[in-house]
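Since the structure comes first, as structure tokens, the remarks are kept for the end.
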Amino acid sequence: MVFYLCGSSSRNLARHVSVIVIVLILMGVPPARASNFTKGRAVAPFAGNLKSGDYLWHPEVSPVGPVVIVVSLPDQLIYVYRNGVRIGRSTVSTGTAGHRTPTGVFTVLQKKVDHESSIYKGAKMPNMQRLTWTGIAMHAGQLPGYPASHGCVRLPEDFAAKLYTVTNLGTTVIIADNKSSPVNTTKPGLLFSGKPGELETGSAGFAWTPEKSPKGPVSVIVSGADRTGYVYRNGIEIGRAAVRGVERVSGTYVYSALGTVDSSGRRDWISTASVGGNAPNLKDLANRLAIAPEFLANVRALITPGTTLVLSDAPVSGRTRSATGFNILTTK
């Protein structure tokens, strides 16, 4: 984040400055952009290593579909996928060692074209897309070529404006501490297929209260540590059920439902390994998974393009799913 400190505490000076800004706006003169923000530079589609401020943007290659965003901390790069196709890539600047950008899976909680930080008074954050209510967001800023923010993901100004146009509240954002990027997975839809001998072999107690959040983006977490599946809509838990057969999942894996289906009618998904371990064999996992059939049917009915599924060996805690600052899953 970039800091802008007021040079005087005088109320009269503040009042005069405010009047000047209002007059400029009424005259059609926009407030000046931060002089040290990185404007950004579009480069050729097959460019190799990107220099600080470089980006690629080609939304026309995949005009519609759910958007998934991946930020690679080691590479200092952001990737944008729509319906499983990469439509954008850009350099970024993330948090310093003392203000580390958290890794994990997030959703866009708030969007604002002209935003000023409530934590760092006067810090401009154009095209802000909030990931947590504790100060982490994606926004335009300065890119010096290395991590330099207080935890936010800084973007080139031009790229931040373009990215803003393709996201919605609930868009999945994955911040990864490895170099993996999404690839089409081997049928995670098996986990929701309900085929005999796969998912419908178990029956345990479950809770299902969709009325708590009638609409909004849906996320499903299956925790091996808890041996429980959780369903959230718009960040609010609407269901949970005991799940058997996930005890051997190692690491955290994220899947996002696409708008297409395969030859058997199962929905296609995009996946990325966000933290450690070997990606599970989903066919084997589906064969040993046991969950209440009615709960399974309820979950299948909610899956639409953009639905997020997280498989993890991490427990789901109150901190993970806080009502005011919902993160699907964050890691240490």
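Naming scheme: A, B, ... for chains in displayed order of the structure tokens; residues 1 onward per chain; ligands 1 onward as shown.
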message = When you look at region 74-89 of chain A with a cut-off of 6 Å (counting only C-alpha atoms), what residues show up, excluding the ones that are within fewer than 4 positions of it in the same chain? I need them as JSON, numbers by chain.
response = {"A": [55, 56, 57, 58, 59, 65, 66, 67, 68, 69, 70, 258, 270]}
Go ahead and write the residues just picked, all heavy atoms, as a CSV table (one decimal), in the first residue's frame.
chain,number,residue,atom,x,y,z
A,55,TYR,N,1.8,-6.3,-18.5
A,55,TYR,CA,0.6,-7.2,-18.4
A,55,TYR,C,0.1,-7.6,-19.8
A,55,TYR,O,0.4,-7.0,-20.8
A,55,TYR,CB,-0.5,-6.5,-17.6
A,55,TYR,CG,-1.2,-5.3,-18.4
A,55,TYR,CD1,-2.2,-5.5,-19.3
A,55,TYR,CD2,-0.7,-4.0,-18.2
A,55,TYR,CE1,-2.8,-4.4,-19.9
A,55,TYR,CE2,-1.3,-2.9,-18.9
A,55,TYR,CZ,-2.3,-3.2,-19.7
A,55,TYR,OH,-2.9,-2.1,-20.4
A,56,LEU,N,-0.7,-8.7,-19.8
A,56,LEU,CA,-1.4,-9.1,-21.0
A,56,LEU,C,-2.9,-9.1,-20.7
A,56,LEU,O,-3.3,-9.6,-19.6
A,56,LEU,CB,-0.9,-10.5,-21.4
A,56,LEU,CG,0.5,-10.7,-21.9
A,56,LEU,CD1,1.4,-11.0,-20.7
A,56,LEU,CD2,0.6,-11.7,-22.9
A,57,TRP,N,-3.7,-8.7,-21.6
A,57,TRP,CA,-5.2,-8.7,-21.4
A,57,TRP,C,-5.9,-9.0,-22.7
A,57,TRP,O,-5.8,-8.3,-23.7
A,57,TRP,CB,-5.6,-7.4,-20.9
A,57,TRP,CG,-7.0,-7.3,-20.5
A,57,TRP,CD1,-8.1,-6.7,-21.1
A,57,TRP,CD2,-7.6,-8.0,-19.3
A,57,TRP,NE1,-9.2,-6.9,-20.4
A,57,TRP,CE2,-9.0,-7.7,-19.4
A,57,TRP,CE3,-7.1,-8.8,-18.3
A,57,TRP,CZ2,-9.9,-8.2,-18.4
A,57,TRP,CZ3,-8.0,-9.3,-17.3
A,57,TRP,CH2,-9.3,-9.0,-17.4
A,58,HIS,N,-6.5,-10.2,-22.8
A,58,HIS,CA,-7.2,-10.6,-24.0
A,58,HIS,C,-8.5,-11.3,-23.6
A,58,HIS,O,-8.7,-12.5,-23.8
A,58,HIS,CB,-6.4,-11.6,-24.8
A,58,HIS,CG,-5.2,-10.9,-25.4
A,58,HIS,ND1,-5.2,-10.1,-26.5
A,58,HIS,CD2,-3.9,-10.9,-25.0
A,58,HIS,CE1,-4.0,-9.6,-26.8
A,58,HIS,NE2,-3.2,-10.0,-25.8
A,59,PRO,N,-9.5,-10.6,-23.1
A,59,PRO,CA,-10.8,-11.2,-22.7
A,59,PRO,C,-11.6,-11.7,-23.8
A,59,PRO,O,-12.5,-12.6,-23.6
A,59,PRO,CB,-11.5,-10.0,-22.0
A,59,PRO,CG,-10.9,-8.8,-22.6
A,59,PRO,CD,-9.5,-9.1,-22.9
A,65,GLY,N,-18.4,-16.6,-18.8
A,65,GLY,CA,-18.1,-17.7,-17.9
A,65,GLY,C,-17.6,-17.2,-16.6
A,65,GLY,O,-17.2,-16.1,-16.4
A,66,PRO,N,-17.4,-18.1,-15.6
A,66,PRO,CA,-17.0,-17.8,-14.3
A,66,PRO,C,-15.5,-17.4,-14.3
A,66,PRO,O,-14.7,-18.0,-15.1
A,66,PRO,CB,-17.2,-19.0,-13.4
A,66,PRO,CG,-17.2,-20.1,-14.4
A,66,PRO,CD,-17.8,-19.6,-15.7
A,67,VAL,N,-15.1,-16.4,-13.5
A,67,VAL,CA,-13.7,-16.0,-13.4
A,67,VAL,C,-13.1,-16.5,-12.2
A,67,VAL,O,-13.6,-16.5,-11.1
A,67,VAL,CB,-13.7,-14.4,-13.4
A,67,VAL,CG1,-12.3,-13.9,-13.1
A,67,VAL,CG2,-14.2,-13.8,-14.7
A,68,VAL,N,-11.8,-17.0,-12.4
A,68,VAL,CA,-11.0,-17.5,-11.3
A,68,VAL,C,-9.7,-16.7,-11.4
A,68,VAL,O,-9.1,-16.6,-12.5
A,68,VAL,CB,-10.7,-19.0,-11.3
A,68,VAL,CG1,-9.7,-19.4,-10.2
A,68,VAL,CG2,-12.0,-19.8,-11.2
A,69,ILE,N,-9.2,-16.1,-10.3
A,69,ILE,CA,-8.0,-15.3,-10.2
A,69,ILE,C,-7.0,-16.1,-9.4
A,69,ILE,O,-7.3,-16.5,-8.2
A,69,ILE,CB,-8.3,-13.9,-9.7
A,69,ILE,CG1,-9.2,-13.2,-10.6
A,69,ILE,CG2,-7.0,-13.1,-9.5
A,69,ILE,CD1,-9.7,-11.9,-10.0
A,70,VAL,N,-5.7,-16.2,-9.9
A,70,VAL,CA,-4.7,-16.8,-9.1
A,70,VAL,C,-3.5,-15.8,-9.0
A,70,VAL,O,-3.0,-15.3,-10.0
A,70,VAL,CB,-4.2,-18.1,-9.8
A,70,VAL,CG1,-3.0,-18.7,-9.0
A,70,VAL,CG2,-5.3,-19.1,-10.0
A,258,LEU,N,-17.1,-24.8,-14.0
A,258,LEU,CA,-17.2,-24.1,-15.3
A,258,LEU,C,-18.6,-24.1,-15.9
A,258,LEU,O,-19.5,-24.8,-15.3
A,258,LEU,CB,-16.1,-24.6,-16.2
A,258,LEU,CG,-14.7,-24.6,-15.8
A,258,LEU,CD1,-13.8,-25.3,-16.8
A,258,LEU,CD2,-14.3,-23.2,-15.5
A,270,ILE,N,-12.3,-26.3,-13.1
A,270,ILE,CA,-10.9,-25.9,-13.1
A,270,ILE,C,-10.3,-26.0,-11.8
A,270,ILE,O,-11.0,-25.9,-10.7
A,270,ILE,CB,-10.8,-24.4,-13.6
A,270,ILE,CG1,-9.4,-24.1,-14.0
A,270,ILE,CG2,-11.4,-23.4,-12.6
A,270,ILE,CD1,-9.3,-22.7,-14.7
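Minimum distance to Gly306 (chain A) across A:Thr252, A:Thr228, A:Ser264, A:Asn168 (counting only C-alpha atoms) occurs at A:Asn168.
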request  = Determine which residues of region 51-156 of chain A DSSP labels as helix (DSSP H, G or I) from the backbone of this structure, then write them out as number ranges by chain.
outcome  = A: 59-61, 97-99
Distance table requested - region 208-321 of chain A against region 105-118 of chain A, cut-off 10 Å, only C-alpha atoms: one row per qualifying residue with the closest atom pair and its distance in Å to one decimal, ordered by chain and rising residue number, as a tab-separated table.
residue	atom	partner	partner_atom	distance
A:Pro217	CA	A:Thr107	CA	9.1
A:Ser219	CA	A:Thr107	CA	9.5
A:Asn234	CA	A:Leu109	CA	9.2
A:Gly235	CA	A:Thr107	CA	8.8
A:Thr252	CA	A:Val105	CA	9.7
A:Tyr253	CA	A:Val105	CA	9.6
A:Val254	CA	A:Val105	CA	7.7
A:Ser274	CA	A:Val105	CA	8.0
A:Thr308	CA	A:Val105	CA	9.4
A:Val310	CA	A:Val105	CA	8.5
Would you mind exporting the chosen residues as a PDB file, in the first residue's frame, restricted to N, CA, C and O atoms?
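Output saved as out04.pdb:
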ATOM      1  N   PRO A 217     -23.109 -16.319  -4.068  1.00  0.00           N
ATOM      2  CA  PRO A 217     -22.150 -17.333  -4.511  1.00  0.00           C
ATOM      3  C   PRO A 217     -22.033 -18.476  -3.512  1.00  0.00           C
ATOM      4  O   PRO A 217     -22.102 -18.270  -2.304  1.00  0.00           O
ATOM      5  N   SER A 219     -19.997 -21.827  -1.946  1.00  0.00           N
ATOM      6  CA  SER A 219     -18.698 -22.448  -1.719  1.00  0.00           C
ATOM      7  C   SER A 219     -18.904 -23.697  -0.872  1.00  0.00           C
ATOM      8  O   SER A 219     -19.723 -23.708   0.048  1.00  0.00           O
ATOM      9  N   ASN A 234     -22.990 -16.953  -0.014  1.00  0.00           N
ATOM     10  CA  ASN A 234     -22.729 -15.551   0.304  1.00  0.00           C
ATOM     11  C   ASN A 234     -21.974 -15.425   1.632  1.00  0.00           C
ATOM     12  O   ASN A 234     -22.173 -14.479   2.389  1.00  0.00           O
ATOM     13  N   GLY A 235     -21.120 -16.424   1.916  1.00  0.00           N
ATOM     14  CA  GLY A 235     -20.302 -16.392   3.127  1.00  0.00           C
ATOM     15  C   GLY A 235     -20.993 -16.868   4.383  1.00  0.00           C
ATOM     16  O   GLY A 235     -20.408 -16.837   5.455  1.00  0.00           O
ATOM     17  N   THR A 252      -4.262 -28.759   0.400  1.00  0.00           N
ATOM     18  CA  THR A 252      -5.497 -28.024   0.129  1.00  0.00           C
ATOM     19  C   THR A 252      -5.641 -27.839  -1.377  1.00  0.00           C
ATOM     20  O   THR A 252      -4.706 -27.374  -2.035  1.00  0.00           O
ATOM     21  N   TYR A 253      -6.811 -28.174  -1.918  1.00  0.00           N
ATOM     22  CA  TYR A 253      -7.037 -28.150  -3.356  1.00  0.00           C
ATOM     23  C   TYR A 253      -8.345 -27.431  -3.651  1.00  0.00           C
ATOM     24  O   TYR A 253      -9.344 -27.651  -2.971  1.00  0.00           O
ATOM     25  N   VAL A 254      -8.300 -26.592  -4.655  1.00  0.00           N
ATOM     26  CA  VAL A 254      -9.426 -25.721  -4.955  1.00  0.00           C
ATOM     27  C   VAL A 254      -9.934 -26.003  -6.358  1.00  0.00           C
ATOM     28  O   VAL A 254      -9.151 -26.117  -7.304  1.00  0.00           O
ATOM     29  N   SER A 274      -3.350 -25.304  -4.011  1.00  0.00           N
ATOM     30  CA  SER A 274      -2.914 -24.071  -3.369  1.00  0.00           C
ATOM     31  C   SER A 274      -1.844 -24.312  -2.313  1.00  0.00           C
ATOM     32  O   SER A 274      -0.982 -23.479  -2.116  1.00  0.00           O
ATOM     33  N   THR A 308     -17.389 -22.808  -5.897  1.00  0.00           N
ATOM     34  CA  THR A 308     -16.043 -23.167  -5.452  1.00  0.00           C
ATOM     35  C   THR A 308     -16.097 -24.374  -4.528  1.00  0.00           C
ATOM     36  O   THR A 308     -16.922 -24.440  -3.615  1.00  0.00           O
ATOM     37  N   VAL A 310     -13.498 -26.703  -2.078  1.00  0.00           N
ATOM     38  CA  VAL A 310     -12.194 -26.796  -1.432  1.00  0.00           C
ATOM     39  C   VAL A 310     -12.089 -28.145  -0.730  1.00  0.00           C
ATOM     40  O   VAL A 310     -12.934 -28.487   0.095  1.00  0.00           O
TER      41      VAL A 310
END
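Remark: for Pro305 (chain A), the closest of the candidate residues A:Asp268, A:Asp262, A:Glu211, A:Asp284 is A:Asp268 (distances computed over only C-alpha atoms).
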Atomic distance CA of Glu237 (chain A) - CA of Val316 (chain A), expressed in Å with one decimal =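 These two atoms are separated by 11.7 Å.
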message = Quick check, in Å to one decimal: how far apart do CA of Ala314 (chain A) and CA of Gln129 (chain A) lie?
response =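 Between these atoms lies a distance of 26.5 Å.
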task = Would you mind telling me which residue in A:Pro102, A:Gly245, A:Gly95, A:Pro210 lies nearest to Leu143 (chain A) when using only C-alpha atoms?
result = A:Gly95
request  = Work out how far apart CA of Ala279 (chain A) and CA of Leu163 (chain A) are and give it in Å to one decimal.
outcome  =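 Separation between CA of Ala279 (chain A) and CA of Leu163 (chain A): 29.1 Å.
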Nearest to Ile303 (chain A), chosen from A:Arg100, A:His150, A:Arg233, A:Arg41, with only C-alpha atoms counted in the distances =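 When distances to Ile303 (chain A) are compared using only C-alpha atoms, the smallest one comes from A:Arg233.
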